[in-house]
file work.cif (mmCIF, C-alpha atoms and all ligand atoms)
data_start
#
loop_
_atom_site.label_atom_id
_atom_site.label_comp_id
_atom_site.auth_asym_id
_atom_site.auth_seq_id
_atom_site.Cartn_x
_atom_site.Cartn_y
_atom_site.Cartn_z
CA MET Z 6 20.61 -55.76 -94.85
CA GLU Z 7 19.15 -52.68 -96.64
CA LEU Z 8 15.47 -52.80 -97.54
CA ASP Z 9 14.63 -52.25 -101.19
CA VAL Z 10 11.32 -50.45 -100.64
CA GLY Z 11 10.71 -50.14 -104.39
CA ALA Z 12 11.02 -53.91 -104.78
CA LEU Z 13 8.76 -54.50 -101.78
CA ARG Z 14 6.12 -52.25 -103.32
CA GLY Z 15 6.61 -53.83 -106.73
CA ASP Z 16 5.81 -57.17 -105.09
CA THR Z 17 2.60 -55.75 -103.60
CA PRO Z 18 -0.40 -55.29 -105.91
CA GLY Z 19 -2.09 -53.20 -103.22
CA CYS Z 20 0.62 -50.56 -103.71
CA ASP Z 21 -0.09 -50.22 -107.46
CA GLY Z 22 -2.92 -47.71 -107.20
CA LYS Z 23 -3.81 -44.81 -104.95
CA LEU Z 24 -4.60 -46.91 -101.88
CA ILE Z 25 -2.61 -46.12 -98.74
CA HIS Z 26 -2.84 -49.13 -96.49
CA LEU Z 27 -2.34 -48.21 -92.84
CA ASN Z 28 -4.30 -51.15 -91.48
CA ASN Z 29 -1.43 -53.61 -91.28
CA ALA Z 30 -2.31 -54.48 -87.69
CA GLY Z 31 -5.71 -55.55 -89.09
CA ALA Z 32 -4.52 -57.43 -92.14
CA ALA Z 33 -1.48 -56.40 -94.20
CA LEU Z 34 -1.32 -56.52 -98.00
CA MET Z 35 -0.16 -59.87 -99.33
CA PRO Z 36 2.89 -59.89 -101.61
CA ARG Z 37 2.72 -61.55 -105.03
CA PRO Z 38 4.53 -64.78 -104.01
CA VAL Z 39 1.92 -65.38 -101.29
CA ILE Z 40 -1.00 -64.56 -103.60
CA SER Z 41 0.41 -66.84 -106.26
CA ALA Z 42 1.05 -69.69 -103.77
CA VAL Z 43 -2.56 -69.55 -102.57
CA THR Z 44 -4.25 -69.12 -105.94
CA SER Z 45 -2.10 -71.76 -107.68
CA HIS Z 46 -3.02 -74.30 -105.04
CA ILE Z 47 -6.71 -73.48 -105.32
CA ALA Z 48 -6.41 -73.78 -109.10
CA LEU Z 49 -4.73 -77.18 -108.63
CA GLU Z 50 -7.53 -78.28 -106.31
CA SER Z 51 -10.07 -77.24 -108.93
CA ARG Z 52 -8.28 -79.30 -111.60
CA VAL Z 53 -7.33 -82.50 -109.77
CA GLY Z 54 -9.42 -82.52 -106.57
CA GLY Z 55 -8.69 -81.25 -103.08
CA TYR Z 56 -7.19 -84.41 -101.57
CA GLU Z 57 -5.19 -85.16 -104.70
CA ALA Z 58 -3.86 -81.58 -104.79
CA ALA Z 59 -2.72 -81.93 -101.15
CA THR Z 60 -0.84 -85.12 -102.08
CA GLU Z 61 0.84 -83.41 -105.03
CA ALA Z 62 1.83 -80.45 -102.84
CA ALA Z 63 2.84 -82.61 -99.85
CA ASP Z 64 6.46 -81.41 -99.76
CA GLU Z 65 5.46 -77.74 -99.86
CA VAL Z 66 2.82 -78.31 -97.18
CA GLU Z 67 5.34 -80.12 -95.01
CA SER Z 68 7.88 -77.31 -95.43
CA PHE Z 69 5.45 -75.02 -93.53
CA TYR Z 70 6.72 -76.45 -90.23
CA ALA Z 71 10.39 -75.73 -90.88
CA LYS Z 72 9.65 -72.20 -92.14
CA ALA Z 73 7.36 -71.26 -89.23
CA ALA Z 74 9.88 -72.75 -86.78
CA ALA Z 75 12.74 -70.78 -88.33
CA LEU Z 76 10.70 -67.58 -88.04
CA VAL Z 77 10.43 -67.91 -84.24
CA GLY Z 78 13.62 -69.87 -83.54
CA GLY Z 79 11.84 -73.12 -82.63
CA ARG Z 80 11.78 -76.67 -83.97
CA PRO Z 81 9.44 -77.94 -86.72
CA ASP Z 82 7.87 -80.52 -84.38
CA GLU Z 83 6.96 -77.69 -82.00
CA ILE Z 84 4.67 -76.01 -84.59
CA ALA Z 85 0.93 -76.49 -85.17
CA PHE Z 86 -0.89 -74.91 -88.11
CA VAL Z 87 -4.25 -73.41 -87.08
CA ASP Z 88 -6.75 -70.94 -88.46
CA ASN Z 89 -5.88 -67.79 -86.50
CA ALA Z 90 -4.00 -66.49 -83.47
CA THR Z 91 -6.98 -66.88 -81.15
CA ARG Z 92 -7.29 -70.58 -82.00
CA ALA Z 93 -3.55 -70.98 -81.47
CA TRP Z 94 -3.74 -69.26 -78.10
CA GLN Z 95 -6.88 -71.17 -77.06
CA GLY Z 96 -5.21 -74.45 -78.08
CA ALA Z 97 -2.50 -73.83 -75.49
CA PHE Z 98 -4.64 -72.17 -72.82
CA TYR Z 99 -7.37 -74.82 -72.71
CA ALA Z 100 -4.78 -77.62 -72.80
CA ILE Z 101 -3.83 -76.84 -69.20
CA ASP Z 102 -5.40 -79.15 -66.67
CA TRP Z 103 -7.10 -76.29 -64.80
CA LYS Z 104 -8.10 -76.90 -61.19
CA PRO Z 105 -10.29 -74.65 -58.99
CA GLY Z 106 -8.16 -71.94 -57.39
CA ASP Z 107 -5.44 -72.00 -60.06
CA GLN Z 108 -4.25 -68.51 -60.89
CA VAL Z 109 -3.33 -67.01 -64.22
CA LEU Z 110 -1.34 -63.79 -64.27
CA THR Z 111 -1.92 -61.48 -67.18
CA ALA Z 112 -1.39 -57.88 -68.28
CA ARG Z 113 -4.08 -55.23 -68.43
CA SER Z 114 -3.32 -54.87 -72.13
CA GLU Z 115 -4.11 -58.52 -72.89
CA TYR Z 116 -6.23 -59.17 -75.99
CA ASN Z 117 -9.97 -59.03 -75.44
CA SER Z 118 -10.65 -62.61 -76.55
CA HIS Z 119 -8.12 -63.82 -73.99
CA MET Z 120 -9.83 -61.78 -71.29
CA ILE Z 121 -13.07 -63.55 -72.23
CA ALA Z 122 -11.28 -66.91 -72.09
CA PHE Z 123 -10.00 -66.13 -68.56
CA ARG Z 124 -13.52 -65.30 -67.40
CA HIS Z 125 -14.88 -68.36 -69.19
CA ALA Z 126 -12.31 -70.55 -67.43
CA GLU Z 127 -13.14 -68.81 -64.15
CA ARG Z 128 -16.79 -69.89 -64.52
CA ARG Z 129 -16.03 -73.30 -65.96
CA PHE Z 130 -13.00 -74.48 -63.95
CA GLY Z 131 -12.92 -72.04 -61.02
CA ILE Z 132 -9.61 -70.44 -61.95
CA GLU Z 133 -8.65 -66.97 -60.77
CA PRO Z 134 -7.47 -64.50 -63.42
CA ILE Z 135 -5.23 -61.78 -61.95
CA LEU Z 136 -4.54 -58.53 -63.79
CA VAL Z 137 -0.98 -57.38 -63.13
CA PRO Z 138 -0.65 -53.58 -62.78
CA ASP Z 139 1.01 -51.51 -65.50
CA THR Z 140 4.09 -49.38 -64.97
CA ALA Z 141 3.68 -45.61 -65.28
CA GLU Z 142 4.73 -46.07 -68.93
CA GLY Z 143 1.86 -48.47 -69.55
CA THR Z 144 3.72 -51.73 -70.07
CA VAL Z 145 3.23 -54.70 -67.76
CA ASP Z 146 5.00 -54.16 -64.44
CA VAL Z 147 7.42 -57.08 -64.24
CA GLU Z 148 8.27 -56.55 -60.56
CA ALA Z 149 4.58 -56.51 -59.66
CA LEU Z 150 4.13 -59.63 -61.78
CA GLU Z 151 6.83 -61.44 -59.82
CA ARG Z 152 5.36 -60.31 -56.49
CA LEU Z 153 2.00 -61.76 -57.54
CA VAL Z 154 3.39 -65.24 -58.21
CA THR Z 155 2.09 -67.70 -55.59
CA SER Z 156 1.99 -71.47 -55.19
CA ARG Z 157 -1.36 -71.31 -57.02
CA THR Z 158 0.00 -69.58 -60.14
CA ARG Z 159 -0.27 -71.92 -63.12
CA LEU Z 160 0.30 -69.68 -66.14
CA ILE Z 161 1.56 -66.28 -67.25
CA CYS Z 162 -0.01 -64.73 -70.39
CA VAL Z 163 1.23 -61.53 -71.98
CA SER Z 164 0.77 -59.91 -75.39
CA HIS Z 165 4.09 -58.92 -76.95
CA MET Z 166 2.47 -55.95 -78.74
CA PRO Z 167 -1.09 -55.26 -77.65
CA THR Z 168 -3.75 -54.74 -80.28
CA ASN Z 169 -4.58 -51.11 -79.57
CA ASP Z 170 -1.32 -49.60 -78.45
CA GLY Z 171 2.06 -48.94 -80.00
CA MET Z 172 3.87 -50.31 -76.97
CA ILE Z 173 6.02 -53.39 -76.67
CA ASN Z 174 5.69 -55.35 -73.45
CA PRO Z 175 8.96 -56.46 -71.77
CA ALA Z 176 8.51 -60.07 -72.89
CA ILE Z 177 12.10 -61.12 -72.15
CA GLU Z 178 11.79 -59.96 -68.52
CA VAL Z 179 8.40 -61.69 -68.22
CA GLY Z 180 10.06 -64.85 -69.55
CA GLN Z 181 12.76 -64.55 -66.89
CA VAL Z 182 10.11 -64.39 -64.15
CA ALA Z 183 8.37 -67.42 -65.64
CA SER Z 184 11.58 -69.42 -65.79
CA ARG Z 185 12.66 -68.43 -62.23
CA HIS Z 186 9.35 -69.88 -60.98
CA GLY Z 187 9.14 -72.83 -63.39
CA LEU Z 188 5.90 -71.48 -64.84
CA PRO Z 189 4.67 -71.73 -68.42
CA PHE Z 190 4.55 -68.42 -70.30
CA LEU Z 191 2.08 -68.07 -73.17
CA LEU Z 192 3.19 -65.18 -75.37
CA ASP Z 193 0.74 -63.62 -77.81
CA ALA Z 194 2.96 -62.64 -80.77
CA CYS Z 195 0.02 -61.86 -83.03
CA GLN Z 196 1.22 -58.33 -83.83
CA SER Z 197 4.96 -58.86 -83.39
CA ALA Z 198 5.61 -61.90 -85.63
CA GLY Z 199 6.80 -60.63 -89.00
CA GLN Z 200 7.21 -57.12 -87.59
CA MET Z 201 10.21 -57.67 -85.31
CA PRO Z 202 12.73 -60.48 -84.81
CA ILE Z 203 11.36 -63.25 -82.58
CA ASP Z 204 13.48 -65.81 -80.81
CA VAL Z 205 11.55 -68.03 -78.42
CA ALA Z 206 14.71 -69.00 -76.52
CA GLU Z 207 15.61 -65.37 -75.89
CA LEU Z 208 12.01 -64.52 -74.98
CA GLY Z 209 11.82 -67.42 -72.56
CA CYS Z 210 8.25 -68.27 -73.52
CA THR Z 211 6.92 -71.81 -73.47
CA MET Z 212 4.04 -71.25 -75.92
CA LEU Z 213 3.64 -68.62 -78.63
CA SER Z 214 0.57 -67.86 -80.73
CA THR Z 215 0.40 -65.84 -83.91
CA THR Z 216 -1.65 -65.12 -86.99
CA GLY Z 217 -0.86 -65.15 -90.70
CA ARG Z 218 -2.63 -62.08 -92.01
CA LYS Z 219 -1.03 -59.24 -90.03
CA TYR Z 220 2.68 -58.35 -90.14
CA LEU Z 221 3.55 -61.69 -91.74
CA ARG Z 222 1.46 -60.71 -94.78
CA GLY Z 223 -0.02 -64.20 -95.12
CA PRO Z 224 -3.57 -65.13 -96.08
CA ARG Z 225 -6.53 -64.62 -93.78
CA GLY Z 226 -7.72 -67.62 -91.77
CA THR Z 227 -4.21 -68.86 -90.98
CA GLY Z 228 -2.02 -68.87 -87.89
CA PHE Z 229 0.26 -71.05 -85.85
CA LEU Z 230 1.06 -72.16 -82.34
CA TRP Z 231 4.57 -72.93 -81.13
CA VAL Z 232 4.96 -75.08 -77.99
CA GLN Z 233 8.38 -75.73 -76.48
CA SER Z 234 9.10 -79.46 -76.72
CA ASP Z 235 9.45 -79.93 -72.91
CA TRP Z 236 5.90 -78.61 -72.48
CA LEU Z 237 4.26 -80.68 -75.21
CA ALA Z 238 3.80 -83.71 -72.97
CA LYS Z 239 2.40 -81.55 -70.14
CA LEU Z 240 -0.41 -80.14 -72.29
CA SER Z 241 -3.50 -82.09 -73.25
CA PRO Z 242 -5.51 -80.47 -76.07
CA MET Z 243 -9.15 -79.71 -75.27
CA THR Z 244 -10.18 -81.35 -78.55
CA LEU Z 245 -8.71 -84.24 -80.54
CA ASP Z 246 -9.62 -85.68 -83.93
CA ILE Z 247 -8.26 -88.12 -86.50
CA GLY Z 248 -5.50 -85.66 -87.37
CA SER Z 249 -4.31 -84.99 -83.82
CA ALA Z 250 -4.74 -88.53 -82.45
CA ARG Z 251 -4.52 -92.13 -83.65
CA TRP Z 252 -7.56 -94.29 -82.93
CA THR Z 253 -5.75 -97.47 -81.95
CA SER Z 254 -8.66 -99.74 -80.95
CA ILE Z 255 -12.39 -99.36 -80.26
CA ALA Z 256 -11.72 -97.95 -76.79
CA GLU Z 257 -8.22 -96.55 -77.23
CA PHE Z 258 -6.48 -93.62 -78.83
CA ASP Z 259 -3.05 -92.01 -78.69
CA ALA Z 260 -2.72 -88.26 -79.05
CA LEU Z 261 0.21 -87.25 -81.24
CA SER Z 262 3.28 -86.37 -79.25
CA ASP Z 263 4.36 -83.35 -81.30
CA ALA Z 264 2.63 -79.99 -81.65
CA ARG Z 265 0.39 -81.33 -84.41
CA LYS Z 266 -1.83 -82.62 -81.63
CA PHE Z 267 -3.18 -79.05 -81.61
CA GLU Z 268 -4.27 -79.23 -85.25
CA HIS Z 269 -7.46 -80.44 -86.89
CA TRP Z 270 -7.36 -82.99 -89.69
CA GLU Z 271 -9.19 -80.68 -92.08
CA ALA Z 272 -7.28 -77.53 -92.89
CA ASN Z 273 -6.97 -74.73 -95.39
CA ILE Z 274 -4.14 -76.26 -97.44
CA ALA Z 275 -3.84 -73.27 -99.79
CA GLY Z 276 -3.67 -71.06 -96.69
CA LYS Z 277 -0.98 -73.27 -95.15
CA ILE Z 278 1.17 -73.04 -98.30
CA GLY Z 279 0.44 -69.29 -98.37
CA LEU Z 280 1.55 -68.86 -94.75
CA MET Z 281 4.68 -70.92 -95.41
CA THR Z 282 5.44 -68.61 -98.35
CA ALA Z 283 4.75 -65.54 -96.21
CA CYS Z 284 7.20 -66.74 -93.51
CA SER Z 285 9.77 -67.37 -96.18
CA TYR Z 286 9.14 -63.96 -97.81
CA ALA Z 287 9.54 -62.14 -94.48
CA MET Z 288 12.79 -63.94 -93.67
CA THR Z 289 14.21 -63.34 -97.18
CA THR Z 290 13.23 -59.66 -97.00
CA GLY Z 291 14.98 -59.48 -93.62
CA ILE Z 292 12.95 -59.10 -90.44
CA PRO Z 293 15.54 -56.86 -88.69
CA ALA Z 294 15.34 -54.47 -91.66
CA ILE Z 295 11.52 -54.60 -91.68
CA TRP Z 296 11.55 -53.84 -87.96
CA GLN Z 297 13.88 -50.87 -88.34
CA ARG Z 298 11.74 -49.34 -91.08
CA VAL Z 299 8.43 -49.97 -89.30
CA GLN Z 300 9.73 -48.21 -86.17
CA LEU Z 301 11.02 -45.29 -88.21
CA LEU Z 302 7.76 -44.81 -90.11
CA ALA Z 303 5.62 -45.21 -86.98
CA SER Z 304 7.59 -42.67 -84.99
CA ARG Z 305 7.39 -40.22 -87.92
CA LEU Z 306 3.64 -40.83 -88.05
CA ARG Z 307 3.28 -40.05 -84.33
CA GLU Z 308 5.19 -36.77 -84.82
CA ILE Z 309 2.99 -35.84 -87.77
CA ILE Z 310 -0.26 -36.52 -85.93
CA VAL Z 311 0.54 -34.52 -82.79
CA GLU Z 312 1.47 -31.51 -84.93
CA ILE Z 313 -2.10 -31.32 -86.28
CA PRO Z 314 -4.34 -29.28 -83.96
CA GLY Z 315 -6.95 -31.27 -82.06
CA PHE Z 316 -5.23 -34.66 -82.32
CA SER Z 317 -3.67 -36.70 -79.51
CA VAL Z 318 -1.58 -39.86 -79.81
CA HIS Z 319 -2.27 -42.51 -77.18
CA ASP Z 320 0.58 -44.99 -77.58
CA ARG Z 321 2.39 -45.91 -74.39
CA GLY Z 322 5.67 -47.61 -73.56
CA ALA Z 323 9.28 -46.54 -73.94
CA ARG Z 324 9.75 -48.83 -76.96
CA LYS Z 325 7.08 -48.73 -79.63
CA GLY Z 326 6.25 -50.67 -82.76
CA GLY Z 327 4.20 -50.05 -85.89
CA ILE Z 328 0.81 -49.40 -84.28
CA VAL Z 329 -0.15 -45.74 -83.87
CA THR Z 330 -3.34 -44.92 -81.98
CA PHE Z 331 -4.86 -41.47 -81.85
CA SER Z 332 -8.07 -39.53 -81.47
CA HIS Z 333 -9.41 -36.06 -82.21
CA ALA Z 334 -10.95 -33.88 -79.54
CA ALA Z 335 -14.16 -33.33 -81.56
CA VAL Z 336 -14.36 -35.79 -84.46
CA PRO Z 337 -15.31 -39.37 -83.45
CA ALA Z 338 -12.83 -42.11 -84.39
CA GLU Z 339 -15.42 -43.99 -86.43
CA ARG Z 340 -16.14 -40.93 -88.55
CA LEU Z 341 -12.43 -40.29 -89.14
CA MET Z 342 -11.82 -43.88 -90.17
CA MET Z 343 -14.78 -43.89 -92.61
CA ALA Z 344 -13.85 -40.54 -94.15
CA LEU Z 345 -10.19 -41.54 -94.53
CA ARG Z 346 -11.33 -44.62 -96.41
CA GLN Z 347 -14.07 -43.10 -98.54
CA GLU Z 348 -12.62 -39.69 -99.33
CA PHE Z 349 -8.86 -40.37 -99.32
CA SER Z 350 -8.46 -44.14 -99.99
CA ILE Z 351 -6.58 -44.51 -96.72
CA ASN Z 352 -7.20 -47.65 -94.69
CA THR Z 353 -7.07 -47.47 -90.90
CA SER Z 354 -9.21 -49.13 -88.25
CA VAL Z 355 -10.96 -48.19 -85.04
CA SER Z 356 -9.89 -49.61 -81.69
CA ALA Z 357 -12.53 -49.73 -79.03
CA THR Z 358 -10.61 -49.29 -75.82
CA GLN Z 359 -12.72 -51.73 -73.75
CA LEU Z 360 -11.08 -53.11 -70.65
CA THR Z 361 -7.50 -52.74 -71.83
CA ARG Z 362 -7.41 -48.94 -71.81
CA THR Z 363 -9.17 -47.86 -68.66
CA ASP Z 364 -6.81 -44.88 -68.54
CA LEU Z 365 -8.37 -43.57 -71.77
CA ILE Z 366 -11.93 -44.22 -70.71
CA GLY Z 367 -11.10 -42.09 -67.64
CA ARG Z 368 -10.11 -39.29 -70.02
CA GLY Z 369 -13.32 -39.67 -72.04
CA VAL Z 370 -11.67 -41.45 -74.98
CA ALA Z 371 -13.61 -44.62 -75.67
CA GLN Z 372 -12.46 -45.13 -79.26
CA MET Z 373 -9.24 -44.45 -81.11
CA VAL Z 374 -8.19 -44.60 -84.73
CA ARG Z 375 -5.46 -47.18 -85.27
CA ALA Z 376 -3.03 -46.46 -88.12
CA SER Z 377 -0.46 -49.23 -88.48
CA VAL Z 378 2.50 -49.05 -90.83
CA HIS Z 379 4.41 -51.78 -92.64
CA ALA Z 380 7.77 -51.64 -94.37
CA TYR Z 381 6.15 -51.06 -97.79
CA ASN Z 382 4.57 -47.80 -96.63
CA THR Z 383 6.40 -44.65 -97.63
CA GLU Z 384 7.05 -41.16 -96.29
CA GLU Z 385 4.71 -39.91 -99.06
CA ASP Z 386 1.95 -42.14 -97.66
CA LEU Z 387 2.43 -40.41 -94.32
CA ASP Z 388 2.37 -36.94 -95.88
CA ARG Z 389 -0.89 -37.72 -97.68
CA PHE Z 390 -2.27 -39.09 -94.45
CA ALA Z 391 -1.36 -35.85 -92.65
CA GLU Z 392 -3.07 -33.78 -95.36
CA ALA Z 393 -6.19 -35.92 -95.06
CA LEU Z 394 -6.30 -35.60 -91.26
CA THR Z 395 -5.80 -31.86 -91.47
CA ALA Z 396 -8.68 -31.58 -93.95
CA LEU Z 397 -10.98 -33.78 -91.87
CA ALA Z 398 -10.33 -31.88 -88.66
CA ARG Z 399 -10.89 -28.45 -90.24
CA PRO Z 400 -14.07 -26.87 -88.84
CA ALA Z 401 -16.84 -26.87 -91.51
C1 LIG V 1 -2.59 -58.58 -79.90
C2 LIG V 1 -3.56 -59.49 -80.57
N1 LIG V 1 -3.72 -60.74 -80.10
C3 LIG V 1 -4.58 -61.61 -80.67
C4 LIG V 1 -5.34 -61.25 -81.75
C5 LIG V 1 -6.28 -62.25 -82.35
O1 LIG V 1 -5.83 -62.65 -83.62
P1 LIG V 1 -6.78 -63.45 -84.60
O2 LIG V 1 -7.83 -62.48 -85.06
O3 LIG V 1 -5.89 -63.93 -85.71
O4 LIG V 1 -7.37 -64.56 -83.85
C6 LIG V 1 -5.23 -59.96 -82.27
C7 LIG V 1 -6.06 -59.54 -83.41
O5 LIG V 1 -6.21 -58.40 -83.74
C8 LIG V 1 -4.31 -59.05 -81.68
O6 LIG V 1 -4.14 -57.82 -82.14
#
call {"tool": "encode", "arguments": {"input": "work.cif", "output": "structure tokens", "more": "lines below"}}
Ligand SMILES: Cc1ncc(COP(=O)(O)O)c(C=O)c1O
result
Amino acid sequence: MELDVGALRGDTPGCDGKLIHLNNAGAALMPRPVISAVTSHIALESRVGGYEAATEAADEVESFYAKAAALVGGRPDEIAFVDNATRAWQGAFYAIDWKPGDQVLTARSEYNSHMIAFRHAERRFGIEPILVPDTAEGTVDVEALERLVTSRTRLICVSHMPTNDGMINPAIEVGQVASRHGLPFLLDACQSAGQMPIDVAELGCTMLSTTGRKYLRGPRGTGFLWVQSDWLAKLSPMTLDIGSARWTSIAEFDALSDARKFEHWEANIAGKIGLMTACSYAMTTGIPAIWQRVQLLASRLREIIVEIPGFSVHDRGARKGGIVTFSHAAVPAERLMMALRQEFSINTSVSATQLTRTDLIGRGVAQMVRASVHAYNTEEDLDRFAEALTALARPA
């Protein structure tokens, strides 16, 4: 399927003016159908009342599960709607019945909040988080991962596309290791969902977490968790409420048996309809075509940046996605990001390397600018970006 970039941009109010949005890994621009789904529901709530609006929109709300499931190749009863990718991930992670000495294997590029959760669980339950080495290319070393599996390993966690790197981790191979050892595999698809085709069966993951606002172009404060049906019964959510469990008698309750046991009763209904619409919009646009264009634009962007004196690109991995990270030898990342925004109307973000990029810290790079493309960006956007970088790096 060919992408109609003009139509994509026509659907995107953020493309109407002079803004160049290269912060899609932060939050992408919502298309009109998503904006209209969210605002119409809020308008309905304001006219008839929040609970009454949810009843009127019950079919649309319910269709969220089928749409999110179709996006990742799962089943509707394997989907839970939550407020962001971290909540989705935590829902799965803290649902494991951790015992002292249990080991979790993870990549060095794992998301910072997950690293905190591992350390939290280390203090709270006595688990042992193990960082698997990277290959020379920077992706998780699958052979090393397999060598590190022991009788104490309880979980494997890997980010499909890390937050501050263009690379794509070999998720399928990680899934094969997990399945060979009968281990659950929690895949963080926060940056990859909506950007590239996702098929949970092919990936071999048992749980997958993602967010609405990034490459899916949904509203902020939305996300979902997918849990493979065989694993649902093995996971016990850390928290339950009247939405995720039935209170059957004064002393008894039954947790739901499907993935909705990871939800809370109260939810952002407009956001849920918005995320459903975003999943639908991405699938109608064609995720393989989005993926092809994102890769093309990102690799062009990397070429452009390295041609400008003083700049280095830091993305690793043989296969790369839409995230482009770079720095300048003399101008701090924060200053570049602010000037791009204020002087050139170009949105980017700053990635603090923290634990995940010890290689950069070793080279004196503690912060990078992150420019992330989506399918609605154009070659002209990239040319204007190059002009802006050239101007900003010029000695005063
Ligand atoms: C790779 C990755 N994982 C997880 C997250 C957390 O997502 P959220 O902010 O929706 O909780 C992010 C956010 O930037 C991310 O980039």
call {"tool": "closest_residue", "arguments": {"input": "work.cif", "among": "Z:Asp107, Z:Asp193, Z:Glu7, Z:Glu178", "to": "Gln297 (chain Z)", "atoms": "only C-alpha atoms"}}
result
Z:Glu7
call {"tool": "closest_atom_pairs", "arguments": {"input": "work.cif", "of": "region 23-51 of chain Z", "to": "region 343-352 of chain Z", "cutoff": "12 Å", "atoms": "all atoms listed in the file", "output": "tab-separated table"}}
result
residue	atom	partner	partner_atom	distance
Z:Lys23	CA	Z:Ser350	CA	6.8
Z:Leu24	CA	Z:Ser350	CA	5.1
Z:Ile25	CA	Z:Ile351	CA	4.7
Z:His26	CA	Z:Asn352	CA	4.9
Z:Leu27	CA	Z:Asn352	CA	5.2
Z:Asn28	CA	Z:Asn352	CA	5.6
Z:Asn29	CA	Z:Asn352	CA	9.0
Z:Ala30	CA	Z:Asn352	CA	10.9
Z:Gly31	CA	Z:Asn352	CA	9.8
Z:Ala32	CA	Z:Asn352	CA	10.5
Z:Ala33	CA	Z:Asn352	CA	10.5
Z:Leu34	CA	Z:Asn352	CA	11.1
call {"tool": "residues_near_ligand", "arguments": {"input": "work.cif", "ligand": "ligand LIG 1 (chain V)", "cutoff": "9 Å", "atoms": "only C-alpha atoms and all ligand atoms", "output": "JSON list (two decimals) with C-alpha atoms, in the coordinates of the input"}}
result
[["chain", "number", "residue", "atom", "x", "y", "z"],
["Z", 30, "ALA", "CA", -2.31, -54.48, -87.69],
["Z", 31, "GLY", "CA", -5.71, -55.55, -89.09],
["Z", 32, "ALA", "CA", -4.52, -57.43, -92.14],
["Z", 88, "ASP", "CA", -6.75, -70.94, -88.46],
["Z", 89, "ASN", "CA", -5.88, -67.79, -86.50],
["Z", 90, "ALA", "CA", -4.00, -66.49, -83.47],
["Z", 91, "THR", "CA", -6.98, -66.88, -81.15],
["Z", 92, "ARG", "CA", -7.29, -70.58, -82.00],
["Z", 93, "ALA", "CA", -3.55, -70.98, -81.47],
["Z", 94, "TRP", "CA", -3.74, -69.26, -78.10],
["Z", 114, "SER", "CA", -3.32, -54.87, -72.13],
["Z", 115, "GLU", "CA", -4.11, -58.52, -72.89],
["Z", 116, "TYR", "CA", -6.23, -59.17, -75.99],
["Z", 117, "ASN", "CA", -9.97, -59.03, -75.44],
["Z", 118, "SER", "CA", -10.65, -62.61, -76.55],
["Z", 119, "HIS", "CA", -8.12, -63.82, -73.99],
["Z", 164, "SER", "CA", 0.77, -59.91, -75.39],
["Z", 165, "HIS", "CA", 4.09, -58.92, -76.95],
["Z", 166, "MET", "CA", 2.47, -55.95, -78.74],
["Z", 167, "PRO", "CA", -1.09, -55.26, -77.65],
["Z", 168, "THR", "CA", -3.75, -54.74, -80.28],
["Z", 169, "ASN", "CA", -4.58, -51.11, -79.57],
["Z", 193, "ASP", "CA", 0.74, -63.62, -77.81],
["Z", 194, "ALA", "CA", 2.96, -62.64, -80.77],
["Z", 195, "CYS", "CA", 0.02, -61.86, -83.03],
["Z", 196, "GLN", "CA", 1.22, -58.33, -83.83],
["Z", 197, "SER", "CA", 4.96, -58.86, -83.39],
["Z", 214, "SER", "CA", 0.57, -67.86, -80.73],
["Z", 215, "THR", "CA", 0.40, -65.84, -83.91],
["Z", 216, "THR", "CA", -1.65, -65.12, -86.99],
["Z", 217, "GLY", "CA", -0.86, -65.15, -90.70],
["Z", 218, "ARG", "CA", -2.63, -62.08, -92.01],
["Z", 219, "LYS", "CA", -1.03, -59.24, -90.03],
["Z", 225, "ARG", "CA", -6.53, -64.62, -93.78],
["Z", 226, "GLY", "CA", -7.72, -67.62, -91.77],
["Z", 227, "THR", "CA", -4.21, -68.86, -90.98],
["Z", 228, "GLY", "CA", -2.02, -68.87, -87.89]]
call {"tool": "residues_near_point", "arguments": {"input": "work.cif", "point": "(-3.7, -65.3, -62.4)", "cutoff": "6 Å", "atoms": "all atoms listed in the file", "output": "PyMOL selection string"}}
result
chain Z and resi 108-110+133-135
call {"tool": "residues_around", "arguments": {"input": "work.cif", "residues": "Leu150 (chain Z)", "least_positions_apart": "2", "cutoff": "12 Å", "atoms": "all atoms listed in the file", "output": "PyMOL selection string"}}
result
chain Z and resi 109-113+135-140+144-148+152-155+158+160-163+175-176+178-183+186
call {"tool": "closest_residue", "arguments": {"input": "work.cif", "among": "Z:Arg298, Z:Arg52, Z:Lys266, Z:Arg251", "to": "Thr383 (chain Z)", "atoms": "all atoms listed in the file"}}
result
Z:Arg298
call {"tool": "closest_residue", "arguments": {"input": "work.cif", "among": "Z:Val318, Z:Ile328, Z:Ile313, Z:Leu49", "to": "Leu394 (chain Z)", "atoms": "all atoms listed in the file"}}
result
Z:Ile313
call {"tool": "residues_around", "arguments": {"input": "work.cif", "residues": "Asp9 (chain Z)", "least_positions_apart": "3", "cutoff": "12 Å", "atoms": "all atoms listed in the file", "output": "JSON list (two decimals) with C-alpha atoms, in the frame of the given file"}}
result
[["chain", "number", "residue", "atom", "x", "y", "z"],
["Z", 6, "MET", "CA", 20.61, -55.76, -94.85],
["Z", 12, "ALA", "CA", 11.02, -53.91, -104.78],
["Z", 13, "LEU", "CA", 8.76, -54.50, -101.78],
["Z", 14, "ARG", "CA", 6.12, -52.25, -103.32],
["Z", 15, "GLY", "CA", 6.61, -53.83, -106.73],
["Z", 16, "ASP", "CA", 5.81, -57.17, -105.09],
["Z", 289, "THR", "CA", 14.21, -63.34, -97.18],
["Z", 290, "THR", "CA", 13.23, -59.66, -97.00],
["Z", 291, "GLY", "CA", 14.98, -59.48, -93.62],
["Z", 294, "ALA", "CA", 15.34, -54.47, -91.66],
["Z", 295, "ILE", "CA", 11.52, -54.60, -91.68],
["Z", 298, "ARG", "CA", 11.74, -49.34, -91.08],
["Z", 380, "ALA", "CA", 7.77, -51.64, -94.37],
["Z", 381, "TYR", "CA", 6.15, -51.06, -97.79],
["Z", 382, "ASN", "CA", 4.57, -47.80, -96.63],
["Z", 383, "THR", "CA", 6.40, -44.65, -97.63]]
